[in-house]
file upload09.pdb (PDB, C-alpha atoms, pLDDT in the B column)
ATOM      1  CA  MET V   1       0.000   0.000   0.000  1.00 50.00           C
ATOM      2  CA  LYS V   2       2.750   2.464   0.964  1.00 50.00           C
ATOM      3  CA  LYS V   3       4.688   1.602  -2.173  1.00 51.00           C
ATOM      4  CA  ASN V   4       1.678   2.259  -4.392  1.00 58.00           C
ATOM      5  CA  THR V   5       1.029   5.542  -2.568  1.00 62.00           C
ATOM      6  CA  CYS V   6       4.613   6.692  -3.164  1.00 57.00           C
ATOM      7  CA  ILE V   7       4.406   5.760  -6.848  1.00 60.00           C
ATOM      8  CA  THR V   8       1.104   7.615  -7.206  1.00 62.00           C
ATOM      9  CA  ALA V   9       2.549  10.688  -5.479  1.00 55.00           C
ATOM     10  CA  ALA V  10       5.623  10.600  -7.701  1.00 53.00           C
ATOM     11  CA  ILE V  11       3.439  10.387 -10.806  1.00 61.00           C
ATOM     12  CA  LEU V  12       1.330  13.322  -9.620  1.00 56.00           C
ATOM     13  CA  VAL V  13       4.429  15.440  -8.929  1.00 54.00           C
ATOM     14  CA  PHE V  14       5.827  14.535 -12.358  1.00 51.00           C
ATOM     15  CA  LEU V  15       2.548  15.473 -14.039  1.00 52.00           C
ATOM     16  CA  MET V  16       2.412  18.769 -12.148  1.00 57.00           C
ATOM     17  CA  PHE V  17       5.931  19.707 -13.264  1.00 54.00           C
ATOM     18  CA  SER V  18       5.176  18.591 -16.819  1.00 52.00           C
ATOM     19  CA  VAL V  19       2.006  20.656 -17.008  1.00 48.00           C
ATOM     20  CA  SER V  20       3.824  23.645 -15.512  1.00 51.00           C
ATOM     21  CA  SER V  21       6.687  23.295 -18.001  1.00 52.00           C
ATOM     22  CA  LEU V  22       4.314  22.919 -20.931  1.00 49.00           C
ATOM     23  CA  ALA V  23       2.398  25.985 -19.763  1.00 51.00           C
ATOM     24  CA  GLN V  24       5.593  28.018 -19.582  1.00 53.00           C
ATOM     25  CA  VAL V  25       6.664  26.825 -23.025  1.00 50.00           C
ATOM     26  CA  ALA V  26       3.231  27.658 -24.420  1.00 52.00           C
ATOM     27  CA  MET V  27       3.370  31.098 -22.810  1.00 51.00           C
ATOM     28  CA  LEU V  28       6.821  31.791 -24.273  1.00 54.00           C
ATOM     29  CA  GLU V  29       5.732  30.514 -27.688  1.00 57.00           C
ATOM     30  CA  ASN V  30       2.679  32.759 -27.509  1.00 58.00           C
ATOM     31  CA  LYS V  31       4.886  35.744 -26.608  1.00 55.00           C
ATOM     32  CA  ASP V  32       7.238  34.859 -29.484  1.00 61.00           C
ATOM     33  CA  SER V  33       4.309  34.717 -31.865  1.00 62.00           C
ATOM     34  CA  VAL V  34       3.020  38.063 -30.597  1.00 60.00           C
ATOM     35  CA  TRP V  35       6.491  39.550 -30.986  1.00 60.00           C
ATOM     36  CA  ARG V  36       6.866  38.343 -34.591  1.00 67.00           C
ATOM     37  CA  HIS V  37       3.717  40.230 -35.531  1.00 61.00           C
ATOM     38  CA  SER V  38       4.327  43.239 -33.294  1.00 77.00           C
ATOM     39  CA  ARG V  39       5.692  46.731 -33.802  1.00 88.00           C
ATOM     40  CA  LYS V  40       9.424  46.568 -33.151  1.00 93.00           C
ATOM     41  CA  ASN V  41      10.373  50.266 -33.054  1.00 97.00           C
ATOM     42  CA  ILE V  42       9.912  53.009 -30.479  1.00 98.00           C
ATOM     43  CA  VAL V  43      10.788  56.684 -30.720  1.00 98.00           C
ATOM     44  CA  ARG V  44      10.829  58.497 -27.396  1.00 97.00           C
ATOM     45  CA  TYR V  45      11.353  61.813 -25.664  1.00 97.00           C
ATOM     46  CA  ASN V  46      13.408  62.222 -22.484  1.00 97.00           C
ATOM     47  CA  LEU V  47      10.947  63.861 -20.111  1.00 96.00           C
ATOM     48  CA  SER V  48      13.090  63.740 -16.960  1.00 93.00           C
ATOM     49  CA  SER V  49      15.900  65.917 -18.372  1.00 91.00           C
ATOM     50  CA  ALA V  50      13.383  68.439 -19.690  1.00 91.00           C
ATOM     51  CA  LEU V  51      11.722  68.676 -16.272  1.00 89.00           C
ATOM     52  CA  LEU V  52      15.087  69.010 -14.554  1.00 84.00           C
ATOM     53  CA  PHE V  53      16.820  71.549 -16.819  1.00 83.00           C
ATOM     54  CA  GLY V  54      13.953  73.107 -18.770  1.00 86.00           C
ATOM     55  CA  PHE V  55      12.057  72.130 -21.908  1.00 88.00           C
ATOM     56  CA  ASP V  56      14.023  74.662 -23.957  1.00 86.00           C
ATOM     57  CA  LYS V  57      17.405  73.535 -22.594  1.00 87.00           C
ATOM     58  CA  ALA V  58      17.119  69.737 -22.773  1.00 91.00           C
ATOM     59  CA  VAL V  59      15.760  68.126 -25.937  1.00 95.00           C
ATOM     60  CA  ILE V  60      16.826  64.477 -26.079  1.00 97.00           C
ATOM     61  CA  ILE V  61      15.276  62.014 -28.528  1.00 97.00           C
ATOM     62  CA  GLY V  62      15.642  58.234 -28.254  1.00 97.00           C
ATOM     63  CA  TYR V  63      15.081  55.171 -30.415  1.00 98.00           C
ATOM     64  CA  GLU V  64      14.598  51.556 -29.313  1.00 98.00           C
ATOM     65  CA  ARG V  65      14.678  48.543 -31.613  1.00 97.00           C
ATOM     66  CA  LEU V  66      13.629  45.013 -30.658  1.00 96.00           C
ATOM     67  CA  VAL V  67      16.160  42.490 -31.946  1.00 94.00           C
ATOM     68  CA  ASN V  68      14.377  39.337 -30.703  1.00 92.00           C
ATOM     69  CA  PRO V  69      11.472  38.447 -28.374  1.00 89.00           C
ATOM     70  CA  ARG V  70      13.575  39.118 -25.272  1.00 93.00           C
ATOM     71  CA  GLN V  71      16.174  41.760 -26.167  1.00 95.00           C
ATOM     72  CA  SER V  72      16.477  45.260 -27.580  1.00 97.00           C
ATOM     73  CA  PHE V  73      18.940  48.106 -27.901  1.00 96.00           C
ATOM     74  CA  SER V  74      18.303  51.817 -27.577  1.00 97.00           C
ATOM     75  CA  ILE V  75      20.153  55.024 -28.371  1.00 97.00           C
ATOM     76  CA  ASN V  76      19.485  58.572 -27.163  1.00 98.00           C
ATOM     77  CA  VAL V  77      20.958  61.834 -28.424  1.00 97.00           C
ATOM     78  CA  GLY V  78      20.217  65.536 -28.057  1.00 96.00           C
ATOM     79  CA  LYS V  79      21.105  68.851 -26.482  1.00 93.00           C
ATOM     80  CA  ALA V  80      21.266  69.329 -22.727  1.00 86.00           C
ATOM     81  CA  GLY V  81      22.139  72.860 -21.621  1.00 81.00           C
ATOM     82  CA  LEU V  82      21.763  74.315 -18.134  1.00 76.00           C
ATOM     83  CA  PRO V  83      19.230  76.906 -16.961  1.00 72.00           C
ATOM     84  CA  LYS V  84      20.401  80.496 -16.546  1.00 71.00           C
ATOM     85  CA  LEU V  85      22.655  81.090 -13.541  1.00 68.00           C
ATOM     86  CA  ILE V  86      21.170  83.707 -11.243  1.00 62.00           C
ATOM     87  CA  ALA V  87      22.197  85.480  -8.045  1.00 61.00           C
ATOM     88  CA  VAL V  88      25.905  84.780  -8.432  1.00 64.00           C
ATOM     89  CA  PHE V  89      28.064  87.376  -6.656  1.00 61.00           C
ATOM     90  CA  THR V  90      31.629  87.878  -5.456  1.00 68.00           C
ATOM     91  CA  ASP V  91      33.168  90.787  -3.545  1.00 66.00           C
ATOM     92  CA  SER V  92      34.065  92.540  -6.801  1.00 70.00           C
ATOM     93  CA  PHE V  93      31.938  91.029  -9.592  1.00 74.00           C
ATOM     94  CA  ASN V  94      28.473  89.795 -10.375  1.00 72.00           C
ATOM     95  CA  ILE V  95      27.312  87.717 -13.302  1.00 72.00           C
ATOM     96  CA  LYS V  96      25.864  89.688 -16.194  1.00 74.00           C
ATOM     97  CA  GLN V  97      24.817  87.290 -18.948  1.00 72.00           C
ATOM     98  CA  ASP V  98      25.235  83.914 -20.602  1.00 75.00           C
ATOM     99  CA  ILE V  99      27.344  84.325 -23.720  1.00 79.00           C
ATOM    100  CA  LYS V 100      27.331  80.643 -24.539  1.00 81.00           C
ATOM    101  CA  ASN V 101      25.303  77.828 -23.026  1.00 83.00           C
ATOM    102  CA  THR V 102      25.391  74.580 -24.954  1.00 87.00           C
ATOM    103  CA  GLY V 103      25.375  70.909 -24.050  1.00 90.00           C
ATOM    104  CA  PHE V 104      25.263  67.455 -25.558  1.00 93.00           C
ATOM    105  CA  ASN V 105      23.872  64.133 -24.366  1.00 95.00           C
ATOM    106  CA  PHE V 106      24.476  60.683 -25.821  1.00 97.00           C
ATOM    107  CA  SER V 107      23.630  57.283 -24.353  1.00 97.00           C
ATOM    108  CA  VAL V 108      23.158  53.668 -25.410  1.00 97.00           C
ATOM    109  CA  ASP V 109      21.919  50.585 -23.611  1.00 98.00           C
ATOM    110  CA  TYR V 110      21.179  46.943 -24.320  1.00 98.00           C
ATOM    111  CA  ARG V 111      18.091  45.502 -22.663  1.00 98.00           C
ATOM    112  CA  PHE V 112      17.208  41.989 -21.568  1.00 97.00           C
ATOM    113  CA  TYR V 113      13.471  41.735 -20.917  1.00 97.00           C
ATOM    114  CA  LEU V 114      12.668  39.252 -18.141  1.00 94.00           C
ATOM    115  CA  THR V 115      10.008  37.290 -19.981  1.00 85.00           C
ATOM    116  CA  ASN V 116       9.429  34.882 -17.094  1.00 86.00           C
ATOM    117  CA  GLU V 117       8.519  37.849 -14.882  1.00 85.00           C
ATOM    118  CA  ASN V 118       6.448  39.736 -17.457  1.00 88.00           C
ATOM    119  CA  ARG V 119       2.825  39.103 -18.259  1.00 88.00           C
ATOM    120  CA  TYR V 120       3.065  40.978 -21.530  1.00 89.00           C
ATOM    121  CA  ALA V 121       5.105  40.597 -24.684  1.00 89.00           C
ATOM    122  CA  THR V 122       8.271  42.631 -25.168  1.00 91.00           C
ATOM    123  CA  PRO V 123       8.715  45.629 -24.901  1.00 94.00           C
ATOM    124  CA  HIS V 124       6.131  45.799 -22.130  1.00 95.00           C
ATOM    125  CA  GLY V 125       7.662  44.772 -18.848  1.00 95.00           C
ATOM    126  CA  LEU V 126      10.692  44.537 -16.607  1.00 97.00           C
ATOM    127  CA  TYR V 127      14.198  44.671 -18.093  1.00 97.00           C
ATOM    128  CA  ILE V 128      17.859  44.805 -17.074  1.00 97.00           C
ATOM    129  CA  GLY V 129      21.021  45.606 -19.011  1.00 97.00           C
ATOM    130  CA  PRO V 130      24.262  47.567 -19.361  1.00 97.00           C
ATOM    131  CA  TYR V 131      24.413  51.207 -20.400  1.00 97.00           C
ATOM    132  CA  TYR V 132      26.856  53.966 -21.343  1.00 97.00           C
ATOM    133  CA  SER V 133      26.129  57.686 -21.232  1.00 96.00           C
ATOM    134  CA  TYR V 134      28.073  60.836 -22.068  1.00 96.00           C
ATOM    135  CA  ASN V 135      27.179  64.388 -21.095  1.00 93.00           C
ATOM    136  CA  ARG V 136      29.037  67.564 -22.001  1.00 93.00           C
ATOM    137  CA  ILE V 137      28.277  71.124 -20.955  1.00 89.00           C
ATOM    138  CA  ASP V 138      30.012  74.212 -22.388  1.00 90.00           C
ATOM    139  CA  ARG V 139      29.274  77.521 -20.790  1.00 85.00           C
ATOM    140  CA  THR V 140      30.694  81.047 -21.120  1.00 86.00           C
ATOM    141  CA  ASN V 141      29.529  83.817 -18.785  1.00 81.00           C
ATOM    142  CA  ALA V 142      30.173  87.551 -18.746  1.00 81.00           C
ATOM    143  CA  TRP V 143      30.837  89.283 -15.400  1.00 79.00           C
ATOM    144  CA  GLU V 144      31.025  92.976 -14.575  1.00 78.00           C
ATOM    145  CA  GLY V 145      32.803  94.850 -11.791  1.00 75.00           C
ATOM    146  CA  VAL V 146      30.589  96.045  -8.959  1.00 66.00           C
ATOM    147  CA  SER V 147      33.164  98.144  -7.115  1.00 63.00           C
ATOM    148  CA  SER V 148      33.642 101.866  -7.727  1.00 57.00           C
ATOM    149  CA  GLY V 149      36.319 103.042 -10.124  1.00 61.00           C
ATOM    150  CA  ASN V 150      37.117 101.775 -13.578  1.00 66.00           C
ATOM    151  CA  GLU V 151      34.635  99.486 -15.283  1.00 71.00           C
ATOM    152  CA  ARG V 152      35.944  95.936 -15.511  1.00 75.00           C
ATOM    153  CA  LYS V 153      34.667  92.997 -17.490  1.00 80.00           C
ATOM    154  CA  VAL V 154      35.599  89.333 -17.174  1.00 82.00           C
ATOM    155  CA  ASN V 155      34.552  86.211 -19.068  1.00 84.00           C
ATOM    156  CA  THR V 156      34.552  82.781 -17.468  1.00 82.00           C
ATOM    157  CA  LYS V 157      34.438  79.528 -19.413  1.00 86.00           C
ATOM    158  CA  THR V 158      33.483  76.162 -17.975  1.00 85.00           C
ATOM    159  CA  ASP V 159      33.608  72.707 -19.559  1.00 88.00           C
ATOM    160  CA  LEU V 160      32.074  69.677 -17.860  1.00 89.00           C
ATOM    161  CA  ASP V 161      32.452  66.132 -19.260  1.00 93.00           C
ATOM    162  CA  ILE V 162      30.770  63.107 -17.682  1.00 93.00           C
ATOM    163  CA  HIS V 163      31.211  59.517 -18.883  1.00 95.00           C
ATOM    164  CA  THR V 164      29.162  56.875 -17.052  1.00 96.00           C
ATOM    165  CA  VAL V 165      29.180  53.090 -17.476  1.00 96.00           C
ATOM    166  CA  GLY V 166      26.774  50.988 -15.465  1.00 96.00           C
ATOM    167  CA  PHE V 167      23.908  48.533 -15.155  1.00 97.00           C
ATOM    168  CA  GLU V 168      20.229  49.459 -15.114  1.00 97.00           C
ATOM    169  CA  LEU V 169      16.882  48.063 -13.994  1.00 97.00           C
ATOM    170  CA  GLY V 170      13.757  49.475 -15.567  1.00 97.00           C
ATOM    171  CA  TYR V 171      10.162  48.919 -16.563  1.00 97.00           C
ATOM    172  CA  GLN V 172       8.368  49.947 -19.737  1.00 97.00           C
ATOM    173  CA  PHE V 173       4.609  50.331 -20.045  1.00 97.00           C
ATOM    174  CA  VAL V 174       2.725  50.101 -23.338  1.00 96.00           C
ATOM    175  CA  PHE V 175      -0.673  51.794 -23.516  1.00 95.00           C
ATOM    176  CA  TRP V 176      -3.207  51.366 -26.313  1.00 93.00           C
ATOM    177  CA  LYS V 177      -0.581  49.343 -28.271  1.00 90.00           C
ATOM    178  CA  ARG V 178       1.204  52.555 -29.320  1.00 94.00           C
ATOM    179  CA  ALA V 179       2.064  54.866 -26.406  1.00 97.00           C
ATOM    180  CA  THR V 180       4.969  53.934 -24.120  1.00 97.00           C
ATOM    181  CA  LEU V 181       6.227  55.082 -20.726  1.00 98.00           C
ATOM    182  CA  ASP V 182       9.800  54.006 -20.023  1.00 98.00           C
ATOM    183  CA  LEU V 183      11.190  54.200 -16.473  1.00 97.00           C
ATOM    184  CA  VAL V 184      14.841  53.516 -15.658  1.00 96.00           C
ATOM    185  CA  MET V 185      14.399  53.081 -11.905  1.00 93.00           C
ATOM    186  CA  VAL V 186      17.853  51.942 -10.786  1.00 93.00           C
ATOM    187  CA  GLY V 187      21.056  52.654 -12.735  1.00 94.00           C
ATOM    188  CA  PRO V 188      24.241  52.415 -10.633  1.00 94.00           C
ATOM    189  CA  GLY V 189      27.581  52.757 -12.392  1.00 94.00           C
ATOM    190  CA  VAL V 190      31.018  54.325 -12.466  1.00 94.00           C
ATOM    191  CA  GLY V 191      31.280  57.976 -13.438  1.00 92.00           C
ATOM    192  CA  PHE V 192      34.315  59.702 -14.930  1.00 92.00           C
ATOM    193  CA  TYR V 193      34.077  63.455 -14.347  1.00 89.00           C
ATOM    194  CA  LYS V 194      36.231  66.250 -15.765  1.00 88.00           C
ATOM    195  CA  PHE V 195      35.618  69.892 -14.882  1.00 85.00           C
ATOM    196  CA  LYS V 196      37.637  72.752 -16.373  1.00 86.00           C
ATOM    197  CA  ALA V 197      37.208  76.441 -15.572  1.00 82.00           C
ATOM    198  CA  THR V 198      39.063  79.500 -16.871  1.00 83.00           C
ATOM    199  CA  ALA V 199      38.726  83.252 -16.354  1.00 80.00           C
ATOM    200  CA  GLU V 200      39.926  85.915 -18.777  1.00 81.00           C
ATOM    201  CA  GLY V 201      40.000  89.648 -18.167  1.00 78.00           C
ATOM    202  CA  ASN V 202      41.427  92.379 -15.961  1.00 75.00           C
ATOM    203  CA  VAL V 203      41.598  90.414 -12.703  1.00 74.00           C
ATOM    204  CA  ASN V 204      44.301  89.455 -10.260  1.00 76.00           C
ATOM    205  CA  VAL V 205      44.921  85.953  -8.906  1.00 75.00           C
ATOM    206  CA  ALA V 206      42.708  86.376  -5.836  1.00 76.00           C
ATOM    207  CA  GLU V 207      39.796  87.733  -7.877  1.00 75.00           C
ATOM    208  CA  ARG V 208      40.162  84.935 -10.401  1.00 77.00           C
ATOM    209  CA  GLU V 209      39.919  82.339  -7.642  1.00 77.00           C
ATOM    210  CA  GLN V 210      36.828  84.087  -6.242  1.00 76.00           C
ATOM    211  CA  LEU V 211      35.160  84.037  -9.643  1.00 77.00           C
ATOM    212  CA  LEU V 212      35.835  80.370 -10.254  1.00 77.00           C
ATOM    213  CA  GLN V 213      34.690  79.344  -6.784  1.00 76.00           C
ATOM    214  CA  ALA V 214      31.486  81.382  -7.199  1.00 75.00           C
ATOM    215  CA  LEU V 215      30.884  79.725 -10.550  1.00 75.00           C
ATOM    216  CA  LYS V 216      31.497  76.291  -9.041  1.00 75.00           C
ATOM    217  CA  GLN V 217      28.964  77.002  -6.300  1.00 74.00           C
ATOM    218  CA  ALA V 218      26.407  78.140  -8.876  1.00 73.00           C
ATOM    219  CA  LEU V 219      26.826  74.915 -10.845  1.00 74.00           C
ATOM    220  CA  GLU V 220      26.360  72.918  -7.636  1.00 72.00           C
ATOM    221  CA  GLN V 221      22.842  74.344  -7.502  1.00 71.00           C
ATOM    222  CA  ARG V 222      22.047  73.417 -11.102  1.00 70.00           C
ATOM    223  CA  VAL V 223      23.777  70.091 -11.800  1.00 75.00           C
ATOM    224  CA  PRO V 224      22.447  67.141  -9.735  1.00 72.00           C
ATOM    225  CA  GLY V 225      25.268  65.484  -7.792  1.00 73.00           C
ATOM    226  CA  PHE V 226      27.862  68.125  -8.741  1.00 72.00           C
ATOM    227  CA  ASN V 227      28.351  69.168  -5.122  1.00 71.00           C
ATOM    228  CA  TRP V 228      28.855  65.592  -3.963  1.00 73.00           C
ATOM    229  CA  VAL V 229      31.251  64.660  -6.767  1.00 74.00           C
ATOM    230  CA  PHE V 230      33.501  67.704  -6.346  1.00 71.00           C
ATOM    231  CA  SER V 231      32.914  68.289  -2.630  1.00 67.00           C
ATOM    232  CA  ASP V 232      36.598  67.896  -1.735  1.00 67.00           C
ATOM    233  CA  GLN V 233      37.953  69.605  -4.873  1.00 64.00           C
ATOM    234  CA  GLU V 234      39.063  73.245  -4.832  1.00 64.00           C
ATOM    235  CA  LEU V 235      39.767  75.348  -7.913  1.00 59.00           C
ATOM    236  CA  THR V 236      42.779  77.622  -7.694  1.00 52.00           C
ATOM    237  CA  GLY V 237      43.384  79.880 -10.676  1.00 52.00           C
ATOM    238  CA  ASN V 238      42.844  78.319 -14.069  1.00 54.00           C
ATOM    239  CA  GLY V 239      42.846  74.570 -13.981  1.00 68.00           C
ATOM    240  CA  THR V 240      41.187  71.221 -14.478  1.00 74.00           C
ATOM    241  CA  VAL V 241      39.724  68.876 -11.897  1.00 75.00           C
ATOM    242  CA  SER V 242      39.140  65.206 -12.734  1.00 77.00           C
ATOM    243  CA  THR V 243      37.699  62.486 -10.558  1.00 82.00           C
ATOM    244  CA  THR V 244      36.209  58.996 -10.769  1.00 85.00           C
ATOM    245  CA  THR V 245      33.381  58.035  -8.462  1.00 85.00           C
ATOM    246  CA  ILE V 246      29.964  56.419  -8.287  1.00 86.00           C
ATOM    247  CA  GLY V 247      27.649  57.326 -11.159  1.00 86.00           C
ATOM    248  CA  TYR V 248      23.917  56.929 -11.542  1.00 86.00           C
ATOM    249  CA  ARG V 249      21.234  56.908 -14.202  1.00 91.00           C
ATOM    250  CA  TYR V 250      17.511  57.560 -13.910  1.00 90.00           C
ATOM    251  CA  LEU V 251      15.119  58.310 -16.730  1.00 94.00           C
ATOM    252  CA  ILE V 252      11.488  58.989 -17.494  1.00 97.00           C
ATOM    253  CA  GLN V 253      10.741  58.721 -21.212  1.00 97.00           C
ATOM    254  CA  ILE V 254       7.527  58.855 -23.196  1.00 97.00           C
ATOM    255  CA  GLY V 255       7.349  57.308 -26.633  1.00 97.00           C
ATOM    256  CA  PHE V 256       5.448  56.130 -29.675  1.00 97.00           C
ATOM    257  CA  ARG V 257       5.619  52.562 -30.937  1.00 96.00           C
ATOM    258  CA  PHE V 258       5.494  51.643 -34.617  1.00 95.00           C
TER
END

call {"tool": "encode", "arguments": {"input": "upload09.pdb", "output": "structure tokens"}}
result
Amino acid sequence: MKKNTCITAAILVFLMFSVSSLAQVAMLENKDSVWRHSRKNIVRYNLSSALLFGFDKAVIIGYERLVNPRQSFSINVGKAGLPKLIAVFTDSFNIKQDIKNTGFNFSVDYRFYLTNENRYATPHGLYIGPYYSYNRIDRTNAWEGVSSGNERKVNTKTDLDIHTVGFELGYQFVFWKRATLDLVMVGPGVGFYKFKATAEGNVNVAEREQLLQALKQALEQRVPGFNWVFSDQELTGNGTVSTTTIGYRYLIQIGFRF
């Protein structure tokens, strides 16, 4: 009796695993079939950068292409300038205007959609994958003397380069078969930062250092993480500061699927 019971139980367990496996295979085959007849392209707009820096300063367009039922690659490119710097003062100068304010953003990633965790066919669902991003900001500002005496003018120039390599976790929604909402929720990585600042005009060494430090403080208010990355770095005169530290990526993108 016990032997027959054990055999029966073993058969039931085997059947349960078989049915479960067949169901998973059928689900994957159904997703593959849906993918073969689906729209494999997405064009998108980076909403998070626009909200952070301004819709007129950050215009970044992306494209995602499905390469198989579980994987895709995407590329993003566009301009990414900073908002106007305001209320920047030193003992002898205040900022007058932005002469030049340009920026560039480029990023790529490769996505692995976790089909076993997703109820929907790719590209709707949870994904992981590596990424690379590059950001550059070029800025030239005009300053004017605020002390009595001769009028003095100074121009400062700043260059900021950020390379980041990392790994991301995200989720993409598909609404009405066409509209998409892409969220990169976690994107830790390694960031390579290079910051260069120069000042040209009728200023002495002490005034030049004041200008550059004031400019650095202004950028800390506008660039997320700038203060933390360069917290222990001091600019003296004209120079370049480079550092390597933890990087991060987070995105909110809206798109159209076709």

call {"tool": "closest_residue", "arguments": {"input": "upload09.pdb", "among": "V:Gly191, V:Met185, V:Ala50, V:Leu82", "to": "Arg222 in chain V", "atoms": "only C-alpha atoms"}}
result
V:Leu82

call {"tool": "resolve_selection", "arguments": {"input": "upload09.pdb", "expression": "the PyMOL selection byres ((chain V and resi 178) around 8)", "output": "NGL selection string"}}
result
:V and (174-177 or 179-180 or 256-258)

call {"tool": "residues_around", "arguments": {"input": "upload09.pdb", "residues": "Phe73 in chain V", "least_positions_apart": "3", "cutoff": "10 Å", "atoms": "only C-alpha atoms", "output": "PyMOL selection string"}}
result
chain V and resi 63-67+108-112+129+131

call {"tool": "atom_distance", "arguments": {"input": "upload09.pdb", "atom1": "CA of Ser242 in chain V", "atom2": "CA of Phe195 in chain V"}}
result
6.2 Å

call {"tool": "resolve_selection", "arguments": {"input": "upload09.pdb", "expression": "the PyMOL selection byres ((chain V and resi 46) around 6)", "output": "list in words"}}
result
Tyr45, Leu47, Ser48, Ile60 and Gln253 of chain V

call {"tool": "residues_around", "arguments": {"input": "upload09.pdb", "residues": "His163 in chain V", "least_positions_apart": "3", "cutoff": "9 Å", "atoms": "only C-alpha atoms", "output": "count of residues only"}}
result
11

call {"tool": "atom_distance", "arguments": {"input": "upload09.pdb", "atom1": "CA of Ala142 in chain V", "atom2": "CA of Val154 in chain V"}}
result
5.9 Å

call {"tool": "atom_distance", "arguments": {"input": "upload09.pdb", "atom1": "CA of Tyr250 in chain V", "atom2": "CA of Leu215 in chain V"}}
result
26.1 Å

call {"tool": "residues_near_point", "arguments": {"input": "upload09.pdb", "point": "(22.1, 54.0, -11.1)", "cutoff": "9 Å", "atoms": "all atoms listed in the file", "output": "ChimeraX atom specification"}}
result
/V:166-169,184-189,246-250
